[in-house]
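Following: one structure in structure tokens, then a few remarks.
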Amino acid sequence: MDLLNTLVDKGLRGESPTREEALAVLATSDDEVLDVVAAAGKVRRAWFGRRVKLNYLVNLKSGLCPEDCSYCSQRLGSTSEILKYTWLKPEQAAAAAGAGVAGGAKRVCLVASGRGPTDRDVDRVSQTIAAIKEQHQDVEICACLGLLSDGQAERLREAGANAYNHNLNTSEATYGDITTTHTYADRVSTVQRAQAAGMSACSGLIAGMGESDEDLVDVVFSLRELDPDSVPVNFLIPIEGTPLAGDWNLTPQRCLRILAMVRFVCPDVEVRLAGGREIHLRTLQPLALHLANSIFLGDYLTTEGQAGKDDLAMIADAGFEVEDTGTTTLPAHRADVGAAAGTGCGGHGGEGGGRGPCGEAAPADAVPAPAEGGTPGATPAEGGTPGPTPAGVGAPGGTPAEVGMPGATPAEVSTPGPTPAEGGAPRPTPAGIGTPGRAPAAAEASRADLVAVRRRGAGTDLPPNA
């Protein structure tokens with residue numbers, strides 16, 4: 001397919017596709033999905049080899065959020081039967097983080113519900129970072145605390161936070177349909193504050209909220225312009241007790257096409273397979289490892305994930321390997337910028353520093369060359385000459401978000417059905433999905449038992465799933 005050949009060539013040069021090419025990826029048929037995965041997989045291996053970075057979530061404060069994000073089980077007015085608790089003590093959070101580190105996580109993501117932290121909250125998180133670093137000095141810390149005010153990003157950076165996560169979630173044009181208590185511009189501003197403070201930025205999206213292909217491409221191109229080091233791709237978990245409880249708009253094949261599109265648009269960026277992978281990709285999860293080079297280990301914020309041991313087995317069985325702490329995740333041309341800024345994880349420095357947005361052509365000496373036979377980054381096991389591993393991976397780099405990604409999950413899910421948007425009007429349906437708000441008939445009956453609310457780990461008396 002000429003389209004895929006063009007996208008692979010651009011990806012190996014560190015260039016992004018055009019909007020039309022990105023839309024064409026989403027428009028491919030289910031019969032072509034393996035070809036799309038194979039093509040995007042060449043780009044992924046060229047920049048990141050066969051390494052998979054593990055990230056682990058610690059929910060510092062759960063539930064009771066004053067914001068009205070439609071996808072979130074912790075939102076204002078949510079009736080989801082999730083755990084609710086106030087701030088964990090530093091030693092509790094450190095113990096929870098230790099479970100993830102023991103499972104192989106390079107990055108620990110500290111998340112707290114709410115609009116944004118108070119200065120006292122920043123002090124609490126700073127103490128928690130110190131407690132974790134005391135026990136695991138090499139672990140990478142990413143904070144996800146909501147909207148940041150003046151000076152807070154700098155204080156978190158000084159406390160030892162390597163990265164900050166704040167997702168854009170959806171396109172600017174449709175953001176008001178999902179959330180009304182803050183704006184898309186507020187989110188962009190927080191990502192920029194984190195970058196200006198010298199932290200590695202993590203920002204991604206949630207797919208499956210009734211958006212169009214154009215909306216998906218819009219948000220991914222906006223992320224490319226923001227230039228985060230890591231882009232988590234979440235698939236909506238329709239949470240019982242939220243406005244999107246009945247929105248089952250995704251198929252495994254569509255999820256793979258979305259991941260491939262993100263990889264093509266930001267070829268040299270850490271793409272994280274995040275919340276919703278277990279219930280939407282199901283048995284096709286291993287194929288997603290050919291597109292994403294990072295995943296969350298174990299449970300999410302308010303829902304249970306796949307058992308950590310099963311994640312590790314899946315990675316090994318698919319022919320990939322867990323990225324160790326001595327490796328730098330990002331390609332050299334991105335990681336060098338972060339090292340100069342002192343982030344330790346390939347984050348971009350303050351104003352005026354670093355390279356252009358993700359997907360801009362990389363310096364000639366930083367672009368990986370295809371291995372013999374034309375297979376980019378082919379390893380000996382694949383039958384090719386070892387491909388250049390553009391980077392090494394030092395400090396962990398990735399991060400969660402609020403919900404749809406880690407931590408957004410429903411309680412028991414009733415039979416999915418068409419669900420009106422907040423105003424009562426039918427939600428738009430993504431191209432090729434069929435009846436608005438409904439899963440394909442074959443999958444519909446099997447969905448009720450796919451989602452489980454988290455009842456273990458931090459904030460409970462039960463051991464974590466790592």
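By convention in this document, the chains of the structure tokens carry letters A, B, ... by their order, each chain's residues are numbered from 1, and ligands are numbered from 1 in the order they are shown.
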
Neighbouring residues of region 142-146 of chain A were defined as those with any atom within 6 Å, considering only C-alpha atoms; residues of the same chain fewer than 6 positions away were excluded. Please report them as a list in words.
Cys109, Leu110, Val111, Ala112, Arg115, Gly116, Ala161, Asn162, Ala163, Tyr164, Asn165 and Thr399 of chain A

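Omitting Ala39 (chain A) and its sequence neighbours fewer than 3 positions away, and counting only C-alpha atoms, the residues within 10 Å are Met1, Leu3, Leu4, Asn5, Thr6, Leu7, Val8, Asp9, Gly11, Val33, Leu34, Asp35, Val36, Lys42, Val43, Arg44, Ala260, Phe264, His290, Leu291, Thr375 and Pro376 of chain A.
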
Saved selection, atoms kept: N, CA, C and O atoms, as a PDB file, in the first residue's frame:
ATOM      1  N   MET A   1       0.852  -1.188   0.000  1.00  0.00           N
ATOM      2  CA  MET A   1       0.000   0.000   0.000  1.00  0.00           C
ATOM      3  C   MET A   1       0.894   1.246   0.000  1.00  0.00           C
ATOM      4  O   MET A   1       1.733   1.415   0.875  1.00  0.00           O
ATOM      5  N   LEU A   3       0.314   4.300   0.701  1.00  0.00           N
ATOM      6  CA  LEU A   3       0.161   5.126   1.892  1.00  0.00           C
ATOM      7  C   LEU A   3       1.088   4.652   2.998  1.00  0.00           C
ATOM      8  O   LEU A   3       1.818   5.454   3.606  1.00  0.00           O
ATOM      9  N   LEU A   4       1.100   3.369   3.266  1.00  0.00           N
ATOM     10  CA  LEU A   4       1.897   2.841   4.368  1.00  0.00           C
ATOM     11  C   LEU A   4       3.389   2.955   4.074  1.00  0.00           C
ATOM     12  O   LEU A   4       4.189   3.246   4.976  1.00  0.00           O
ATOM     13  N   ASN A   5       3.780   2.740   2.831  1.00  0.00           N
ATOM     14  CA  ASN A   5       5.190   2.903   2.476  1.00  0.00           C
ATOM     15  C   ASN A   5       5.643   4.344   2.712  1.00  0.00           C
ATOM     16  O   ASN A   5       6.737   4.593   3.228  1.00  0.00           O
ATOM     17  N   THR A   6       4.773   5.288   2.355  1.00  0.00           N
ATOM     18  CA  THR A   6       5.086   6.700   2.567  1.00  0.00           C
ATOM     19  C   THR A   6       5.209   7.016   4.052  1.00  0.00           C
ATOM     20  O   THR A   6       6.130   7.725   4.485  1.00  0.00           O
ATOM     21  N   LEU A   7       4.293   6.476   4.850  1.00  0.00           N
ATOM     22  CA  LEU A   7       4.308   6.749   6.285  1.00  0.00           C
ATOM     23  C   LEU A   7       5.529   6.137   6.961  1.00  0.00           C
ATOM     24  O   LEU A   7       6.109   6.738   7.870  1.00  0.00           O
ATOM     25  N   VAL A   8       5.931   4.958   6.537  1.00  0.00           N
ATOM     26  CA  VAL A   8       7.129   4.338   7.112  1.00  0.00           C
ATOM     27  C   VAL A   8       8.361   5.173   6.771  1.00  0.00           C
ATOM     28  O   VAL A   8       9.207   5.448   7.635  1.00  0.00           O
ATOM     29  N   ASP A   9       8.477   5.598   5.517  1.00  0.00           N
ATOM     30  CA  ASP A   9       9.622   6.423   5.113  1.00  0.00           C
ATOM     31  C   ASP A   9       9.684   7.706   5.939  1.00  0.00           C
ATOM     32  O   ASP A   9      10.757   8.118   6.401  1.00  0.00           O
ATOM     33  N   GLY A  11       8.312   8.217   8.906  1.00  0.00           N
ATOM     34  CA  GLY A  11       8.568   7.875  10.292  1.00  0.00           C
ATOM     35  C   GLY A  11      10.029   7.593  10.573  1.00  0.00           C
ATOM     36  O   GLY A  11      10.563   7.967  11.626  1.00  0.00           O
ATOM     37  N   VAL A  33      -5.858  -4.066   8.780  1.00  0.00           N
ATOM     38  CA  VAL A  33      -5.309  -3.651  10.068  1.00  0.00           C
ATOM     39  C   VAL A  33      -3.943  -4.278  10.354  1.00  0.00           C
ATOM     40  O   VAL A  33      -3.063  -3.630  10.932  1.00  0.00           O
ATOM     41  N   LEU A  34      -3.710  -5.506   9.937  1.00  0.00           N
ATOM     42  CA  LEU A  34      -2.397  -6.120  10.184  1.00  0.00           C
ATOM     43  C   LEU A  34      -1.311  -5.444   9.358  1.00  0.00           C
ATOM     44  O   LEU A  34      -0.163  -5.323   9.809  1.00  0.00           O
ATOM     45  N   ASP A  35      -1.660  -4.984   8.163  1.00  0.00           N
ATOM     46  CA  ASP A  35      -0.695  -4.239   7.352  1.00  0.00           C
ATOM     47  C   ASP A  35      -0.347  -2.911   8.025  1.00  0.00           C
ATOM     48  O   ASP A  35       0.811  -2.485   8.030  1.00  0.00           O
ATOM     49  N   VAL A  36      -1.360  -2.266   8.606  1.00  0.00           N
ATOM     50  CA  VAL A  36      -1.136  -0.994   9.293  1.00  0.00           C
ATOM     51  C   VAL A  36      -0.242  -1.202  10.512  1.00  0.00           C
ATOM     52  O   VAL A  36       0.704  -0.441  10.755  1.00  0.00           O
ATOM     53  N   LYS A  42       7.360  -0.959  12.242  1.00  0.00           N
ATOM     54  CA  LYS A  42       8.716  -0.676  11.745  1.00  0.00           C
ATOM     55  C   LYS A  42       9.233   0.639  12.320  1.00  0.00           C
ATOM     56  O   LYS A  42      10.402   0.756  12.683  1.00  0.00           O
ATOM     57  N   VAL A  43       8.353   1.617  12.397  1.00  0.00           N
ATOM     58  CA  VAL A  43       8.743   2.920  12.944  1.00  0.00           C
ATOM     59  C   VAL A  43       9.016   2.792  14.441  1.00  0.00           C
ATOM     60  O   VAL A  43      10.011   3.316  14.953  1.00  0.00           O
ATOM     61  N   ARG A  44       8.157   2.091  15.142  1.00  0.00           N
ATOM     62  CA  ARG A  44       8.335   1.897  16.585  1.00  0.00           C
ATOM     63  C   ARG A  44       9.662   1.207  16.884  1.00  0.00           C
ATOM     64  O   ARG A  44      10.414   1.614  17.767  1.00  0.00           O
ATOM     65  N   ALA A 260      -1.721   3.255  15.809  1.00  0.00           N
ATOM     66  CA  ALA A 260      -0.824   3.378  14.655  1.00  0.00           C
ATOM     67  C   ALA A 260      -0.766   4.826  14.176  1.00  0.00           C
ATOM     68  O   ALA A 260       0.312   5.342  13.847  1.00  0.00           O
ATOM     69  N   PHE A 264       2.584   7.181  13.923  1.00  0.00           N
ATOM     70  CA  PHE A 264       3.034   7.845  12.700  1.00  0.00           C
ATOM     71  C   PHE A 264       3.179   9.350  12.892  1.00  0.00           C
ATOM     72  O   PHE A 264       4.113   9.964  12.367  1.00  0.00           O
ATOM     73  N   HIS A 290       3.451  -3.647  19.265  1.00  0.00           N
ATOM     74  CA  HIS A 290       4.188  -3.288  18.052  1.00  0.00           C
ATOM     75  C   HIS A 290       4.011  -1.812  17.716  1.00  0.00           C
ATOM     76  O   HIS A 290       4.687  -1.295  16.809  1.00  0.00           O
ATOM     77  N   LEU A 291       3.130  -1.123  18.438  1.00  0.00           N
ATOM     78  CA  LEU A 291       2.838   0.285  18.178  1.00  0.00           C
ATOM     79  C   LEU A 291       3.261   1.168  19.343  1.00  0.00           C
ATOM     80  O   LEU A 291       3.831   2.240  19.153  1.00  0.00           O
ATOM     81  N   THR A 375      14.074  -3.701   6.662  1.00  0.00           N
ATOM     82  CA  THR A 375      13.259  -3.722   7.873  1.00  0.00           C
ATOM     83  C   THR A 375      13.839  -2.790   8.907  1.00  0.00           C
ATOM     84  O   THR A 375      14.878  -3.055   9.468  1.00  0.00           O
ATOM     85  N   PRO A 376      13.207  -1.649   9.168  1.00  0.00           N
ATOM     86  CA  PRO A 376      13.758  -0.683  10.107  1.00  0.00           C
ATOM     87  C   PRO A 376      13.937  -1.283  11.483  1.00  0.00           C
ATOM     88  O   PRO A 376      13.029  -1.875  12.024  1.00  0.00           O
TER      89      PRO A 376
END

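For region 173-219 of chain A, backbone-based DSSP assignment of helix (DSSP H, G or I) covers A:Ala173, A:Thr174, A:Tyr175, A:Gly176, A:Asp177, A:Ile178, A:Tyr184, A:Ala185, A:Asp186, A:Arg187, A:Val188, A:Ser189, A:Thr190, A:Val191, A:Gln192, A:Arg193, A:Ala194, A:Gln195, A:Ala196, A:Asp213, A:Glu214, A:Asp215, A:Leu216, A:Val217, A:Asp218, A:Val219.
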
Might you pull out every residue within 9 Å of Lys309 (chain A), with only C-alpha atoms counted and same-chain residues fewer than 4 positions away left off, and present them as a tab-separated table (two decimals) with N, CA and C atoms, in the first residue's frame?
chain	number	residue	atom	x	y	z
A	103	GLY	N	7.85	-4.93	40.47
A	103	GLY	CA	7.34	-5.57	39.26
A	103	GLY	C	8.06	-5.15	38.00
A	297	LEU	N	1.58	-0.99	34.34
A	297	LEU	CA	1.64	-2.29	34.96
A	297	LEU	C	0.56	-2.40	36.03
A	298	GLY	N	-0.21	-3.47	36.01
A	298	GLY	CA	-1.18	-3.69	37.08
A	298	GLY	C	-2.41	-2.80	36.99
A	313	ALA	N	4.21	-11.59	31.23
A	313	ALA	CA	4.17	-12.76	30.35
A	313	ALA	C	3.80	-12.36	28.93
A	314	MET	N	2.85	-11.42	28.80
A	314	MET	CA	2.43	-10.95	27.48
A	314	MET	C	3.61	-10.31	26.73
A	465	ASN	N	-2.06	-4.99	42.92
A	465	ASN	CA	-1.91	-5.88	41.77
A	465	ASN	C	-0.75	-5.36	40.94
A	466	ALA	N	0.44	-5.86	41.22
A	466	ALA	CA	1.59	-5.44	40.45
A	466	ALA	C	2.30	-6.66	39.95

In region 164-218 of chain A, DSSP strand (DSSP E or B) residues written as a PDB file with C-alpha atoms, in the first residue's frame:
ATOM      1  CA  TYR A 164       4.197  16.012  34.849  1.00  0.00           C
ATOM      2  CA  ASN A 165       1.119  14.525  33.221  1.00  0.00           C
ATOM      3  CA  ASN A 169      -8.048  14.205  26.142  1.00  0.00           C
ATOM      4  CA  SER A 200       9.302  16.151  31.032  1.00  0.00           C
ATOM      5  CA  ALA A 201       5.780  16.687  29.732  1.00  0.00           C
ATOM      6  CA  CYS A 202       3.345  13.802  29.411  1.00  0.00           C
ATOM      7  CA  LEU A 205      -5.856  11.538  24.740  1.00  0.00           C
ATOM      8  CA  ILE A 206      -8.919   9.428  25.428  1.00  0.00           C
ATOM      9  CA  ALA A 207     -10.488   7.733  22.397  1.00  0.00           C
TER      10      ALA A 207
END

Would you kindly return, as a ChimeraX atom specification, each protein, DNA or RNA residue with an atom no farther than 8 Å from any atom of Arg51 (chain A), considering only C-alpha atoms and excluding same-chain residues fewer than 6 positions away?
/A:293,320-323

Writer output for current selection, N, CA, C and O atoms, as an mmCIF file, in the first residue's frame:
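What landed in result.cif:
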data_model
loop_
_atom_site.group_PDB
_atom_site.id
_atom_site.type_symbol
_atom_site.label_atom_id
_atom_site.label_comp_id
_atom_site.auth_asym_id
_atom_site.auth_seq_id
_atom_site.Cartn_x
_atom_site.Cartn_y
_atom_site.Cartn_z
ATOM 1 N N ASN A 293 5.403 1.744 22.972
ATOM 2 C CA ASN A 293 6.626 1.253 23.609
ATOM 3 C C ASN A 293 6.575 1.418 25.127
ATOM 4 O O ASN A 293 7.592 1.335 25.807
ATOM 5 N N PHE A 320 8.996 -9.158 23.093
ATOM 6 C CA PHE A 320 9.524 -7.873 23.538
ATOM 7 C C PHE A 320 10.233 -8.061 24.879
ATOM 8 O O PHE A 320 10.206 -9.145 25.471
ATOM 9 N N GLU A 321 10.874 -7.023 25.363
ATOM 10 C CA GLU A 321 11.590 -7.110 26.630
ATOM 11 C C GLU A 321 11.305 -5.874 27.471
ATOM 12 O O GLU A 321 11.073 -4.776 26.948
ATOM 13 N N VAL A 322 11.305 -6.061 28.782
ATOM 14 C CA VAL A 322 11.068 -4.943 29.687
ATOM 15 C C VAL A 322 12.299 -4.049 29.705
ATOM 16 O O VAL A 322 13.425 -4.515 29.832
ATOM 17 N N GLU A 323 12.066 -2.757 29.566
ATOM 18 C CA GLU A 323 13.154 -1.787 29.554
ATOM 19 C C GLU A 323 13.738 -1.638 30.958
ATOM 20 O O GLU A 323 12.996 -1.448 31.928
#
